[in-house]
Amino acid sequence: MQQPWDVIDLGRMAYAPALQRQRERNAQVAAGTQGPALLLVEHDPVVTVSRRPAAREHVKVTEAELSGRGVALEPTDRGGDVTYHGPGQLVAYPLVRLAAVGLSLTNYLRSLEAAVVQTLTPFGVAGHTECGATGVWVGEGAQAAKICALGVRVRRGVAMHGLALNVDPDLDHFGLIDPCGLGDRPVTSLRRVCGAACPPMAAVKTELVAALERSLGLGANEGEAQTC
């Protein structure tokens, strides 16, 4: 029997308040006062920089230049390096106790990647992972491009942060950074891969929630997402 979780669609939200929502639910899950949850969100344009040494060096422009492009700059306590979030990108934050789903951190990351690969399949897109490069990619060899970034933190045994799947974001904004410090490897989206056949955000959400539930052994309360 699947353990229930709350699927909460935050709509569009700036990074900082969404992070606060994560921290609040993370603390509740850790304390046992709330069960696991999945937060879904499209962020206002933002570049987030982790605590990793030299991560800030992977932002190619000044904060003033980012601001001029309508892009905020925010610190983050997730793993990984530097990334971009913005409208048209589906960000998913599972808040789950790893021991409860029987996963180590490494296996949890692999489960998130597997869920993204499963999400892409119904849309005719073959995603894959690469050794030494966390995330999900499409295309082969030198043409491989990243379609989903991952970054996670575990706090009091409960995972937070998660994944960012490019559905139809402004890909030009990725040129402001060296995504994940991987040396300017290309970034892509479902829109770029599928063209006019790009699925709507709602369809991608449905597939991603179902894939995460399969990968993590969780099931939605009430059978529907909450909006908040």
# chains A, B, ... in the order shown; residues from 1 in each chain; ligands from 1
>>> residues_around(residues="Gly219 in chain A", least_positions_apart="3", cutoff="6 Å", atoms="only C-alpha atoms", output="ChimeraX atom specification")
/A:2-5,213
>>> residues_around(residues="Val116 in chain A", least_positions_apart="6", cutoff="9 Å", atoms="only C-alpha atoms", output="list in words")
Gly127, Gly135, Val136, Cys148, Leu163, Leu165, Glu207, Leu208, Ala211 and Leu212 of chain A
>>> write_last_selection(atoms="N, CA and C atoms", output="PDB file, in the first residue's frame")
ATOM      1  N   GLY A 127      14.741  10.303 -22.579  1.00  0.00           N
ATOM      2  CA  GLY A 127      15.692  10.888 -21.653  1.00  0.00           C
ATOM      3  C   GLY A 127      16.659   9.841 -21.143  1.00  0.00           C
ATOM      4  N   GLY A 135      21.273  14.609 -13.281  1.00  0.00           N
ATOM      5  CA  GLY A 135      20.219  15.225 -14.075  1.00  0.00           C
ATOM      6  C   GLY A 135      19.776  14.297 -15.181  1.00  0.00           C
ATOM      7  N   VAL A 136      18.945  14.822 -16.085  1.00  0.00           N
ATOM      8  CA  VAL A 136      18.434  14.034 -17.208  1.00  0.00           C
ATOM      9  C   VAL A 136      18.754  14.774 -18.498  1.00  0.00           C
ATOM     10  N   CYS A 148      16.725  18.454 -17.566  1.00  0.00           N
ATOM     11  CA  CYS A 148      16.285  18.504 -16.171  1.00  0.00           C
ATOM     12  C   CYS A 148      17.483  18.527 -15.239  1.00  0.00           C
ATOM     13  N   LEU A 163      13.914  18.860  -8.300  1.00  0.00           N
ATOM     14  CA  LEU A 163      14.242  18.832  -9.716  1.00  0.00           C
ATOM     15  C   LEU A 163      13.562  19.975 -10.453  1.00  0.00           C
ATOM     16  N   LEU A 165      12.431  20.672 -14.416  1.00  0.00           N
ATOM     17  CA  LEU A 165      12.257  20.108 -15.753  1.00  0.00           C
ATOM     18  C   LEU A 165      11.862  21.221 -16.728  1.00  0.00           C
ATOM     19  N   GLU A 207       1.989  13.736 -15.552  1.00  0.00           N
ATOM     20  CA  GLU A 207       2.924  12.622 -15.761  1.00  0.00           C
ATOM     21  C   GLU A 207       4.013  12.604 -14.699  1.00  0.00           C
ATOM     22  N   LEU A 208       4.525  13.782 -14.328  1.00  0.00           N
ATOM     23  CA  LEU A 208       5.607  13.819 -13.343  1.00  0.00           C
ATOM     24  C   LEU A 208       5.121  13.366 -11.976  1.00  0.00           C
ATOM     25  N   ALA A 211       4.814   9.635 -12.033  1.00  0.00           N
ATOM     26  CA  ALA A 211       6.125   8.980 -12.087  1.00  0.00           C
ATOM     27  C   ALA A 211       6.838   9.056 -10.738  1.00  0.00           C
ATOM     28  N   LEU A 212       6.749  10.192 -10.060  1.00  0.00           N
ATOM     29  CA  LEU A 212       7.359  10.310  -8.739  1.00  0.00           C
ATOM     30  C   LEU A 212       6.692   9.372  -7.749  1.00  0.00           C
TER      31      LEU A 212
END
>>> select_by_dssp(residues="range 8-126 of chain A", states="alpha helix (DSSP H)", output="PyMOL selection string")
chain A and resi 15-31+63-68+98-101+105-120
>>> closest_residue(among="A:Gly151, A:Gly139, A:Gly70, A:Pro87", to="Arg52 in chain A", atoms="only C-alpha atoms")
A:Gly151
